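**Q** mmCIF, C-alpha atoms and all ligand atoms, saved as structure_38.cif, coming up:
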data_final
#
loop_
_atom_site.label_atom_id
_atom_site.label_comp_id
_atom_site.auth_asym_id
_atom_site.auth_seq_id
_atom_site.Cartn_x
_atom_site.Cartn_y
_atom_site.Cartn_z
CA MET A 1 0.00 0.00 0.00
CA LYS A 2 1.35 3.44 -0.86
CA SER A 3 2.38 5.68 2.00
CA ASN A 4 0.32 8.65 0.85
CA GLU A 5 -2.99 6.89 1.32
CA LYS A 6 -5.45 8.41 3.78
CA MET A 7 -8.12 7.12 6.10
CA LEU A 8 -10.68 8.51 8.52
CA ALA A 9 -9.97 8.31 12.24
CA ALA A 10 -11.61 9.77 15.33
CA MET A 11 -9.23 12.07 17.23
CA ILE A 12 -9.90 13.29 20.75
CA TYR A 13 -8.57 16.80 21.45
CA GLY A 14 -10.11 17.53 24.84
CA ILE A 15 -13.34 17.37 26.82
CA LYS A 16 -16.07 16.36 24.37
CA ASP A 17 -13.85 17.60 21.56
CA LEU A 18 -13.95 14.61 19.29
CA ARG A 19 -13.27 15.06 15.57
CA VAL A 20 -13.26 12.65 12.68
CA GLU A 21 -10.27 13.55 10.54
CA GLU A 22 -8.33 12.39 7.57
CA VAL A 23 -5.01 10.95 8.68
CA SER A 24 -2.32 8.83 7.03
CA ARG A 25 -3.15 5.19 6.72
CA PRO A 26 -0.58 3.19 8.73
CA GLU A 27 2.24 1.65 6.69
CA VAL A 28 2.81 -2.02 7.22
CA LYS A 29 6.35 -3.12 7.96
CA HIS A 30 8.06 -6.37 8.84
CA GLY A 31 5.82 -8.67 10.88
CA GLU A 32 2.89 -6.25 11.00
CA VAL A 33 -0.69 -6.62 9.80
CA LEU A 34 -3.14 -3.99 8.55
CA VAL A 35 -6.80 -4.57 9.34
CA LYS A 36 -9.89 -2.83 8.00
CA VAL A 37 -11.91 -2.16 11.14
CA LYS A 38 -15.44 -3.59 10.76
CA ALA A 39 -16.69 -2.87 14.27
CA ALA A 40 -15.33 -1.07 17.33
CA THR A 41 -17.35 -1.06 20.52
CA THR A 42 -17.50 1.77 23.06
CA CYS A 43 -16.18 1.15 26.52
CA GLY A 44 -16.26 2.88 29.91
CA THR A 45 -12.65 3.99 29.54
CA ASP A 46 -13.40 5.65 26.19
CA LEU A 47 -16.40 7.42 27.71
CA LYS A 48 -14.20 8.69 30.56
CA ILE A 49 -11.70 10.03 28.01
CA PHE A 50 -14.55 11.76 26.16
CA GLN A 51 -16.09 13.27 29.29
CA ARG A 52 -12.93 14.25 31.13
CA GLY A 53 -10.55 14.78 28.21
CA TYR A 54 -7.98 12.54 29.84
CA VAL A 55 -7.40 9.27 31.59
CA GLU A 56 -4.43 9.37 33.89
CA GLY A 57 -1.36 7.67 32.56
CA VAL A 58 -3.20 6.27 29.57
CA ILE A 59 -3.24 8.92 26.85
CA LYS A 60 -1.76 12.20 25.72
CA LEU A 61 -3.98 14.50 23.62
CA PRO A 62 -4.72 14.76 20.81
CA THR A 63 -4.86 11.08 20.10
CA VAL A 64 -6.68 8.30 18.35
CA PHE A 65 -8.54 6.00 20.74
CA GLY A 66 -10.81 2.95 20.97
CA HIS A 67 -9.49 -0.49 21.86
CA GLU A 68 -12.30 -3.03 21.41
CA TRP A 69 -12.48 -3.97 17.77
CA ALA A 70 -12.60 -6.62 15.07
CA GLY A 71 -12.03 -6.50 11.34
CA GLU A 72 -10.65 -7.99 8.17
CA VAL A 73 -6.96 -8.34 7.23
CA VAL A 74 -6.17 -6.22 4.15
CA GLU A 75 -2.37 -6.33 4.10
CA THR A 76 0.42 -8.25 5.78
CA GLY A 77 4.06 -7.28 6.22
CA GLU A 78 7.10 -9.27 5.24
CA ASP A 79 7.48 -12.65 6.93
CA VAL A 80 3.89 -12.82 8.16
CA SER A 81 2.70 -16.37 7.50
CA TRP A 82 -0.46 -15.88 9.60
CA PRO A 83 -3.01 -14.28 9.47
CA LYS A 84 -3.79 -14.16 5.75
CA VAL A 85 -5.33 -11.31 3.77
CA GLY A 86 -9.12 -11.60 3.93
CA MET A 87 -9.12 -13.33 7.32
CA ARG A 88 -11.55 -12.02 9.97
CA VAL A 89 -9.54 -11.22 13.10
CA ARG A 90 -9.53 -9.46 16.43
CA ALA A 91 -6.39 -8.42 18.28
CA GLY A 92 -5.03 -6.60 21.31
CA ASN A 93 -5.49 -4.35 23.12
CA SER A 94 -2.33 -5.58 24.85
CA ALA A 95 0.65 -7.79 24.10
CA PRO A 96 2.99 -8.82 26.92
CA CYS A 97 6.72 -9.14 26.19
CA MET A 98 6.99 -12.78 27.38
CA ARG A 99 10.51 -12.01 28.66
CA CYS A 100 10.20 -9.94 31.85
CA ARG A 101 10.00 -11.47 35.30
CA MET A 102 6.21 -11.01 35.46
CA CYS A 103 5.70 -12.72 32.11
CA GLN A 104 8.11 -15.54 32.97
CA GLN A 105 6.11 -16.39 36.07
CA GLY A 106 2.87 -16.33 34.08
CA SER A 107 1.55 -12.94 35.25
CA PHE A 108 1.19 -11.66 31.67
CA ASN A 109 -1.30 -8.96 32.74
CA LEU A 110 1.47 -7.36 34.82
CA CYS A 111 4.11 -7.35 32.08
CA GLU A 112 6.71 -4.66 32.75
CA ASP A 113 7.01 -3.91 29.04
CA MET A 114 3.37 -4.20 27.97
CA MET A 115 2.54 -3.08 24.46
CA TRP A 116 -0.86 -1.36 24.19
CA LEU A 117 -2.86 -0.66 21.05
CA TRP A 118 -5.29 2.24 20.69
CA GLY A 119 -6.96 3.68 17.62
CA ALA A 120 -9.86 1.36 16.85
CA TYR A 121 -12.19 4.24 15.95
CA ALA A 122 -10.67 4.45 12.50
CA GLU A 123 -11.06 2.84 9.11
CA TYR A 124 -7.85 0.86 9.53
CA ILE A 125 -5.72 -0.29 12.43
CA LYS A 126 -2.23 -1.75 12.33
CA ILE A 127 -1.42 -4.72 14.54
CA PRO A 128 2.21 -4.49 15.75
CA ALA A 129 4.42 -7.53 15.16
CA ARG A 130 4.49 -8.66 18.80
CA MET A 131 0.71 -8.48 18.99
CA VAL A 132 0.34 -10.52 15.80
CA LEU A 133 2.27 -13.27 17.58
CA VAL A 134 0.78 -13.20 21.09
CA ASN A 135 -2.69 -11.69 20.95
CA THR A 136 -4.44 -12.00 17.58
CA GLN A 137 -7.24 -14.49 16.94
CA GLU A 138 -9.24 -15.55 13.92
CA ILE A 139 -12.98 -14.96 14.35
CA PRO A 140 -15.23 -17.93 13.50
CA THR A 141 -17.55 -17.09 10.60
CA HIS A 142 -20.75 -17.30 12.68
CA VAL A 143 -19.53 -14.66 15.14
CA SER A 144 -20.28 -11.04 14.18
CA PHE A 145 -17.54 -8.39 14.24
CA GLU A 146 -19.49 -6.55 16.96
CA GLU A 147 -19.57 -9.61 19.21
CA ALA A 148 -15.89 -10.33 18.56
CA ALA A 149 -15.01 -6.75 19.59
CA ILE A 150 -16.39 -7.48 23.07
CA THR A 151 -13.69 -10.14 23.55
CA GLU A 152 -11.52 -7.52 25.30
CA PRO A 153 -13.77 -6.52 28.22
CA LEU A 154 -14.97 -10.12 28.56
CA ALA A 155 -11.34 -11.30 28.85
CA CYS A 156 -10.80 -8.87 31.74
CA VAL A 157 -14.02 -9.98 33.45
CA LEU A 158 -13.18 -13.69 33.03
CA ARG A 159 -9.83 -13.27 34.70
CA GLY A 160 -11.42 -11.38 37.61
CA ALA A 161 -14.19 -13.95 38.03
CA GLU A 162 -11.65 -16.79 38.03
CA LYS A 163 -9.66 -15.01 40.74
CA ALA A 164 -12.84 -14.53 42.81
CA ASN A 165 -13.38 -18.27 42.38
CA ILE A 166 -17.18 -18.16 42.19
CA GLN A 167 -18.58 -21.56 43.15
CA LEU A 168 -21.74 -23.43 42.17
CA GLY A 169 -24.59 -22.37 44.45
CA GLN A 170 -23.02 -19.16 45.74
CA SER A 171 -24.63 -15.76 46.08
CA VAL A 172 -22.93 -12.94 44.18
CA ALA A 173 -23.54 -9.23 44.68
CA ILE A 174 -22.42 -6.94 41.85
CA ILE A 175 -22.13 -3.18 42.40
CA GLY A 176 -22.72 -1.34 39.13
CA ALA A 177 -24.88 -2.42 36.18
CA GLY A 178 -22.79 -0.81 33.45
CA PRO A 179 -21.15 -2.88 30.66
CA ILE A 180 -18.56 -4.41 33.03
CA GLY A 181 -21.07 -5.21 35.77
CA LEU A 182 -23.36 -6.82 33.19
CA LEU A 183 -20.51 -8.96 31.81
CA HIS A 184 -19.75 -10.06 35.39
CA LEU A 185 -23.42 -10.99 35.70
CA LEU A 186 -23.31 -13.18 32.57
CA VAL A 187 -20.07 -14.86 33.69
CA ALA A 188 -21.17 -15.41 37.32
CA LYS A 189 -24.35 -17.07 36.07
CA LYS A 190 -22.31 -19.50 33.97
CA MET A 191 -20.01 -20.19 36.91
CA GLY A 192 -23.03 -21.42 38.83
CA ALA A 193 -24.06 -18.52 41.05
CA GLU A 194 -27.39 -19.38 42.66
CA LYS A 195 -28.45 -15.80 43.36
CA ILE A 196 -27.11 -12.64 41.74
CA ILE A 197 -27.92 -9.30 43.31
CA MET A 198 -27.15 -6.19 41.28
CA THR A 199 -27.06 -2.65 42.59
CA ASP A 200 -27.02 0.60 40.63
CA LEU A 201 -28.44 4.10 40.82
CA VAL A 202 -30.24 3.95 37.46
CA GLU A 203 -33.53 2.06 37.27
CA GLU A 204 -33.26 1.45 33.50
CA ARG A 205 -29.94 -0.31 33.98
CA LEU A 206 -31.36 -2.50 36.72
CA GLU A 207 -34.26 -3.42 34.48
CA PHE A 208 -31.74 -4.40 31.80
CA ALA A 209 -29.82 -6.46 34.38
CA ARG A 210 -33.02 -8.32 35.26
CA GLN A 211 -33.57 -9.09 31.58
CA LEU A 212 -30.05 -10.54 31.45
CA GLY A 213 -30.74 -12.76 34.44
CA ALA A 214 -30.11 -10.80 37.64
CA ASP A 215 -32.20 -12.44 40.38
CA GLU A 216 -32.50 -9.37 42.55
CA THR A 217 -31.82 -5.70 41.87
CA VAL A 218 -31.34 -2.88 44.33
CA ASN A 219 -31.66 0.78 43.41
CA ALA A 220 -29.11 2.38 45.73
CA GLN A 221 -30.77 5.72 45.13
CA HIS A 222 -33.81 4.60 47.09
CA GLU A 223 -32.60 1.72 49.23
CA ASP A 224 -29.57 1.00 51.38
CA ALA A 225 -27.61 -1.41 49.19
CA VAL A 226 -25.77 -2.95 52.16
CA GLU A 227 -28.93 -3.54 54.22
CA LYS A 228 -30.81 -4.90 51.23
CA THR A 229 -27.99 -7.28 50.26
CA LYS A 230 -27.91 -8.61 53.83
CA GLU A 231 -31.68 -9.04 53.78
CA LEU A 232 -31.50 -10.99 50.51
CA THR A 233 -28.83 -13.34 51.93
CA GLN A 234 -30.46 -14.30 55.25
CA HIS A 235 -28.42 -11.51 56.87
CA TYR A 236 -25.12 -13.22 56.15
CA GLY A 237 -23.96 -11.06 53.25
CA ALA A 238 -23.07 -12.33 49.79
CA ASP A 239 -20.52 -15.11 49.28
CA VAL A 240 -18.81 -13.01 46.62
CA VAL A 241 -19.09 -9.24 46.10
CA ILE A 242 -17.84 -7.64 42.88
CA GLU A 243 -17.29 -3.88 42.61
CA ALA A 244 -17.69 -2.82 38.98
CA ILE A 245 -17.77 0.96 39.20
CA GLY A 246 -14.33 2.18 40.27
CA GLN A 247 -15.02 4.57 43.15
CA PRO A 248 -13.39 4.34 46.61
CA SER A 249 -16.85 4.72 48.22
CA THR A 250 -18.23 1.64 46.45
CA TRP A 251 -14.98 -0.27 47.06
CA GLU A 252 -15.64 0.31 50.77
CA GLN A 253 -19.33 -0.50 50.37
CA ALA A 254 -18.39 -3.88 48.87
CA LEU A 255 -16.58 -4.79 52.10
CA LYS A 256 -19.82 -4.30 54.02
CA MET A 257 -21.83 -6.57 51.74
CA VAL A 258 -19.74 -9.71 52.03
CA ARG A 259 -20.39 -12.60 54.42
CA LYS A 260 -17.82 -13.87 56.90
CA GLY A 261 -15.26 -15.91 55.03
CA GLY A 262 -16.43 -14.45 51.74
CA THR A 263 -14.55 -12.81 48.90
CA VAL A 264 -14.58 -9.22 47.65
CA LEU A 265 -13.35 -8.56 44.13
CA GLU A 266 -12.45 -4.88 43.75
CA PHE A 267 -12.67 -4.76 39.97
CA GLY A 268 -13.38 -1.17 38.89
CA GLY A 269 -10.30 1.04 38.52
CA CYS A 270 -10.46 4.02 40.91
CA PRO A 271 -9.01 7.50 40.23
CA PRO A 272 -5.26 7.76 41.02
CA ASN A 273 -4.00 8.54 44.52
CA THR A 274 -7.18 7.32 46.18
CA GLU A 275 -7.34 5.04 49.20
CA ILE A 276 -9.93 3.00 51.05
CA ARG A 277 -10.37 2.12 54.71
CA VAL A 278 -10.54 -1.53 55.63
CA SER A 279 -11.68 -2.72 59.05
CA THR A 280 -9.00 -4.91 60.63
CA GLU A 281 -11.78 -6.81 62.39
CA LEU A 282 -13.44 -7.57 59.09
CA LEU A 283 -10.20 -9.01 57.71
CA HIS A 284 -9.24 -10.86 60.89
CA TYR A 285 -12.42 -12.06 62.61
CA GLY A 286 -14.43 -11.86 59.41
CA ASP A 287 -11.81 -13.95 57.57
CA VAL A 288 -12.61 -12.01 54.42
CA THR A 289 -10.52 -12.20 51.25
CA ILE A 290 -10.07 -8.96 49.32
CA ILE A 291 -8.89 -9.31 45.73
CA GLY A 292 -7.66 -6.76 43.21
CA ALA A 293 -7.61 -7.45 39.48
CA PHE A 294 -5.92 -5.64 36.65
CA HIS A 295 -6.42 -6.23 32.93
CA THR A 296 -6.02 -9.73 31.49
CA THR A 297 -3.81 -12.20 29.62
CA PRO A 298 -3.57 -13.54 26.04
CA GLY A 299 -4.97 -16.84 27.28
CA HIS A 300 -8.07 -15.09 28.59
CA PHE A 301 -8.55 -13.24 25.29
CA LYS A 302 -8.58 -16.60 23.54
CA LYS A 303 -10.94 -18.07 26.12
CA ALA A 304 -13.28 -15.05 25.89
CA LEU A 305 -13.57 -15.33 22.12
CA ASN A 306 -14.18 -19.08 22.40
CA LEU A 307 -16.96 -18.53 24.95
CA ILE A 308 -18.60 -15.95 22.68
CA ALA A 309 -18.26 -18.30 19.68
CA SER A 310 -19.72 -21.28 21.52
CA GLY A 311 -22.69 -19.21 22.68
CA THR A 312 -21.81 -19.86 26.32
CA ILE A 313 -21.62 -16.12 26.94
CA ASN A 314 -24.10 -14.19 24.80
CA VAL A 315 -22.74 -10.65 24.50
CA GLN A 316 -25.14 -9.63 21.73
CA PRO A 317 -27.68 -7.90 24.04
CA LEU A 318 -24.98 -5.53 25.30
CA ILE A 319 -24.75 -3.90 21.87
CA THR A 320 -27.73 -1.58 22.11
CA ARG A 321 -26.99 0.61 19.11
CA LYS A 322 -24.88 0.75 15.94
CA THR A 323 -23.64 3.81 14.13
CA SER A 324 -21.05 5.01 11.63
CA LEU A 325 -17.59 6.42 12.37
CA THR A 326 -18.62 9.89 11.18
CA LYS A 327 -21.35 9.93 13.86
CA ILE A 328 -19.04 8.82 16.68
CA LYS A 329 -19.41 12.09 18.58
CA ASP A 330 -23.18 11.63 18.69
CA ALA A 331 -22.59 8.09 19.95
CA PHE A 332 -20.59 9.35 22.93
CA GLU A 333 -23.13 12.12 23.58
CA THR A 334 -25.80 9.42 23.61
CA LEU A 335 -23.80 7.33 26.10
CA THR A 336 -23.44 10.41 28.32
CA THR A 337 -27.18 11.05 28.48
CA SER A 338 -28.97 7.79 27.65
CA LYS A 339 -29.85 5.47 30.48
CA ARG A 340 -30.68 2.61 28.19
CA ASP A 341 -27.56 2.31 26.04
CA VAL A 342 -24.85 -0.11 27.15
CA LYS A 343 -22.40 -0.39 24.27
CA ILE A 344 -22.52 1.27 20.87
CA ALA A 345 -20.86 -0.44 17.93
CA ILE A 346 -19.06 1.93 15.58
CA ASN A 347 -18.96 0.59 12.04
CA PRO A 348 -16.41 2.57 10.01
ZN ZN B 401 -12.65 -1.73 27.07
ZN ZN B 402 6.64 -8.97 30.16
#
Represent the structure from my file as C-alpha cells, please.
Ligand SMILES: [Zn+2]
Ligand SMILES: [Zn+2]

**A**
Amino acid sequence: MKSNEKMLAAMIYGIKDLRVEEVSRPEVKHGEVLVKVKAATTCGTDLKIFQRGYVEGVIKLPTVFGHEWAGEVVETGEDVSWPKVGMRVRAGNSAPCMRCRMCQQGSFNLCEDMMWLWGAYAEYIKIPARMVLVNTQEIPTHVSFEEAAITEPLACVLRGAEKANIQLGQSVAIIGAGPIGLLHLLVAKKMGAEKIIMTDLVEERLEFARQLGADETVNAQHEDAVEKTKELTQHYGADVVIEAIGQPSTWEQALKMVRKGGTVLEFGGCPPNTEIRVSTELLHYGDVTIIGAFHTTPGHFKKALNLIASGTINVQPLITRKTSLTKIKDAFETLTTSKRDVKIAINP
C-alpha cells in the first residue's frame, strides 16, 4: 500500500472535543498486519476520556482512541505467514513481552514492558508484530464483528471472576450495572451462582440487568444497598461481592456486603491517589478475602472469544446501538445522556 494513502480516524482533542479527521493510513512493515476495522465497541474507559478529556497515565492528547475492535486483514508485512489477507480477526489491546519477570512467572497482565494498542475508531488499524504473535485471533464465521469486539472486556471480566473463584450455588452481589457489571453478571451465572444481586443508581440499567438474568436488583438511590444485600442473603452477606464501578466509596461499600469468610473482588479502577479504609476486624475475625484485578492475559482473550463463539456467553444484548464512524461524537453524547444504552458499535 502506498504511504500517501489516507483514512478517517476519530481524534480526541479535549473534553467532548472529538473530531473525525483524515489521517495517514498506517504503513505495514516487517511482521505487522493492517486490518480494516469492521466494528469497534465503546467502553467505559473511552467514555471517561470523552467526558474528562484525559485518563491518567493512559493517553496524551490529541490522540486516536478505541481499543475493542474486530475486522478484516487487508495487508500483511514481510514474513507474516499468519493471518492471511481476507481473514476475519480481532487483536489486542495488549501484548505482553513474554521475557520480563512477570511474564516468565505467568503474570502476563502485569508485564513490565506491555505493548498497548489504541486507535480502533478508525477505518484501519495496524497490529504491531508482537501483537500478531501473542494476541491475535481468527474470528469464527458465525460470530459477528461486533460480538468479537467485546472479547476484550470479557477477557478482563473472566480473569477477575476466576480469581474470585465463584462456586456453584453461591450468592454474588455486583455493584454497578454498566457494561462491566453486566458482563460479570453473565459470567457469574455461567459459573453457577445461585443468586445474583445487582445494585445501581439507574432504574433502567437494573431493568436491563433483570432481563439478562439478575435475580435481585437494588436501586441504591432509594434503598440502602448494604442492608438490602444482607436481607436478601439471610443476613449473612453475599458469598462473593464484585465492585464494577471504580469509586473508593463503592470499594468500601463492597466490604460491608460480604459474608464472613467471603470474597470481595475490587474490579473497577479508581481515580489515582485514592485510598480506602478496611476494618481490621473484618479481615481478621471476618476472615474475608479482598482481591484486586488488573487487565487480562492472552490466554483469557482466547478463552473469551471461544466462549462468545460457543454461545456460552451471549454478548449480543450488550450492543444496544450501531452507528457510523462519522457519527461517533453523537454516539458518545448518547452514552453520556442515555440510560438505556450499554455499548454502541461503531462501524467505520
Ligand atoms: Zn474496554
Ligand atoms: Zn513482560

**Q** Give me, as a list in words, all polymer residues having an atom no more than 9 Å from Ile125 in chain A, counting only C-alpha atoms and skipping those fewer than 2 positions away in the same chain.

**A**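 Listed by chain and then number, they are Arg25, Pro26, Val33, Leu34, Val35, Lys36, Val37, Gly71, Trp118, Gly119, Ala120, Tyr121, Ala122, Glu123 and Ile127 of chain A.
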
**Q** Write out the residues from the selection above, keeping C-alpha atoms, as a short mmCIF file (atom, residue, chain, number, x, y, z; two decimals), keeping the file's coordinate frame.

**A**
data_model
loop_
_atom_site.label_atom_id
_atom_site.label_comp_id
_atom_site.auth_asym_id
_atom_site.auth_seq_id
_atom_site.Cartn_x
_atom_site.Cartn_y
_atom_site.Cartn_z
CA ARG A 25 -3.15 5.19 6.72
CA PRO A 26 -0.58 3.19 8.73
CA VAL A 33 -0.69 -6.62 9.80
CA LEU A 34 -3.14 -3.99 8.55
CA VAL A 35 -6.80 -4.57 9.34
CA LYS A 36 -9.89 -2.83 8.00
CA VAL A 37 -11.91 -2.16 11.14
CA GLY A 71 -12.03 -6.50 11.34
CA TRP A 118 -5.29 2.24 20.69
CA GLY A 119 -6.96 3.68 17.62
CA ALA A 120 -9.86 1.36 16.85
CA TYR A 121 -12.19 4.24 15.95
CA ALA A 122 -10.67 4.45 12.50
CA GLU A 123 -11.06 2.84 9.11
CA ILE A 127 -1.42 -4.72 14.54
#

**Q** Find, counting all atoms listed in the file, the residue in A:Thr337, A:Pro96, A:Ser107, A:Ile344 that gets nearest to Leu325 in chain A.

**A**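 Smallest separation from Leu325 in chain A among the options: A:Ile344.
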
**Q** Residues within 6 Å of ligand ZN 402 (chain B) (all atoms listed in the file), as an mmCIF file with C-alpha atoms, in the frame of the given file?

**A**
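Okay, this is what ended up in result-v2.cif:
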data_model
loop_
_atom_site.group_PDB
_atom_site.id
_atom_site.type_symbol
_atom_site.label_atom_id
_atom_site.label_comp_id
_atom_site.auth_asym_id
_atom_site.auth_seq_id
_atom_site.Cartn_x
_atom_site.Cartn_y
_atom_site.Cartn_z
ATOM 1 C CA PRO A 96 2.990 -8.820 26.920
ATOM 2 C CA CYS A 97 6.720 -9.140 26.190
ATOM 3 C CA MET A 98 6.990 -12.780 27.380
ATOM 4 C CA ARG A 99 10.510 -12.010 28.660
ATOM 5 C CA CYS A 100 10.200 -9.940 31.850
ATOM 6 C CA MET A 102 6.210 -11.010 35.460
ATOM 7 C CA CYS A 103 5.700 -12.720 32.110
ATOM 8 C CA CYS A 111 4.110 -7.350 32.080
ATOM 9 C CA GLU A 112 6.710 -4.660 32.750
ATOM 10 C CA ASP A 113 7.010 -3.910 29.040
#

**Q** Considering all atoms listed in the file, return as a list in words whatever protein or nucleic-acid residues lie within 6 Å of Thr217 in chain A, sequence-local ones (same chain, fewer than 6 positions apart) excluded.

**A**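 Non-adjacent residues within range: Ile197, Met198 and Thr199 of chain A.
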
**Q** For range 148-153 of chain A, please output as an NGL selection string all residues within 9 Å (counting all atoms listed in the file; exclusion window: fewer than 4 positions along the same chain).

**A** :A and (39-41 or 43 or 67-71 or 89-93 or 139 or 143-144 or 157-158 or 179-180 or 183 or 295-296 or 300-305 or 308-309 or 315 or 345)

**Q** A:Thr323, A:Ser310, A:Thr136, A:Ser279: which is nearest Lys343 in chain A, counting only C-alpha atoms?

**A**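 The closest residue to Lys343 in chain A is A:Thr323.
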
**Q** Which residues come within 12 Å of Val187 in chain A, counting all atoms listed in the file, excluding same-chain residues fewer than 2 positions away, as a PyMOL selection string?

**A** chain A and resi 153-162+164-167+172+174+180-185+189-193+196+212-214+242+304+307-308+312-315

**Q** Could range 186-193 of chain A be completed with all heavy atoms and written as a CSV table (one decimal), in the frame of the given file, please?

**A**
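See selection-v7.csv below for the written result:
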chain,number,residue,atom,x,y,z
A,186,LEU,N,-23.2,-12.1,33.5
A,186,LEU,CA,-23.3,-13.2,32.6
A,186,LEU,C,-22.3,-14.3,32.9
A,186,LEU,O,-22.6,-15.5,32.9
A,186,LEU,CB,-23.0,-12.7,31.1
A,186,LEU,CG,-24.0,-11.7,30.5
A,186,LEU,CD1,-23.6,-11.2,29.2
A,186,LEU,CD2,-25.4,-12.3,30.5
A,187,VAL,N,-21.1,-13.9,33.4
A,187,VAL,CA,-20.1,-14.9,33.7
A,187,VAL,C,-20.4,-15.6,35.0
A,187,VAL,O,-20.3,-16.8,35.1
A,187,VAL,CB,-18.7,-14.2,33.7
A,187,VAL,CG1,-17.6,-15.1,34.3
A,187,VAL,CG2,-18.3,-13.7,32.3
A,188,ALA,N,-20.8,-14.8,36.0
A,188,ALA,CA,-21.2,-15.4,37.3
A,188,ALA,C,-22.3,-16.4,37.2
A,188,ALA,O,-22.3,-17.5,37.8
A,188,ALA,CB,-21.6,-14.3,38.3
A,189,LYS,N,-23.2,-16.1,36.3
A,189,LYS,CA,-24.4,-17.1,36.1
A,189,LYS,C,-23.8,-18.4,35.5
A,189,LYS,O,-24.2,-19.5,36.0
A,189,LYS,CB,-25.3,-16.5,35.1
A,189,LYS,CG,-26.5,-15.8,35.7
A,189,LYS,CD,-27.7,-15.8,34.9
A,189,LYS,CE,-28.9,-16.4,35.5
A,189,LYS,NZ,-29.3,-16.0,36.9
A,190,LYS,N,-22.9,-18.3,34.6
A,190,LYS,CA,-22.3,-19.5,34.0
A,190,LYS,C,-21.4,-20.2,35.0
A,190,LYS,O,-21.2,-21.5,34.8
A,190,LYS,CB,-21.5,-19.1,32.7
A,190,LYS,CG,-22.3,-18.7,31.5
A,190,LYS,CD,-23.2,-19.9,31.1
A,190,LYS,CE,-24.3,-19.4,30.1
A,190,LYS,NZ,-25.2,-20.5,29.6
A,191,MET,N,-20.9,-19.5,35.9
A,191,MET,CA,-20.0,-20.2,36.9
A,191,MET,C,-20.8,-20.9,38.0
A,191,MET,O,-20.3,-21.5,38.9
A,191,MET,CB,-19.0,-19.2,37.5
A,191,MET,CG,-17.9,-18.8,36.5
A,191,MET,SD,-16.8,-17.5,37.1
A,191,MET,CE,-15.6,-18.5,37.9
A,192,GLY,N,-22.2,-20.7,37.9
A,192,GLY,CA,-23.0,-21.4,38.8
A,192,GLY,C,-23.6,-20.7,40.0
A,192,GLY,O,-24.1,-21.3,41.0
A,193,ALA,N,-23.5,-19.3,40.0
A,193,ALA,CA,-24.1,-18.5,41.0
A,193,ALA,C,-25.5,-18.8,41.2
A,193,ALA,O,-26.3,-18.9,40.2
A,193,ALA,CB,-23.9,-17.0,40.8
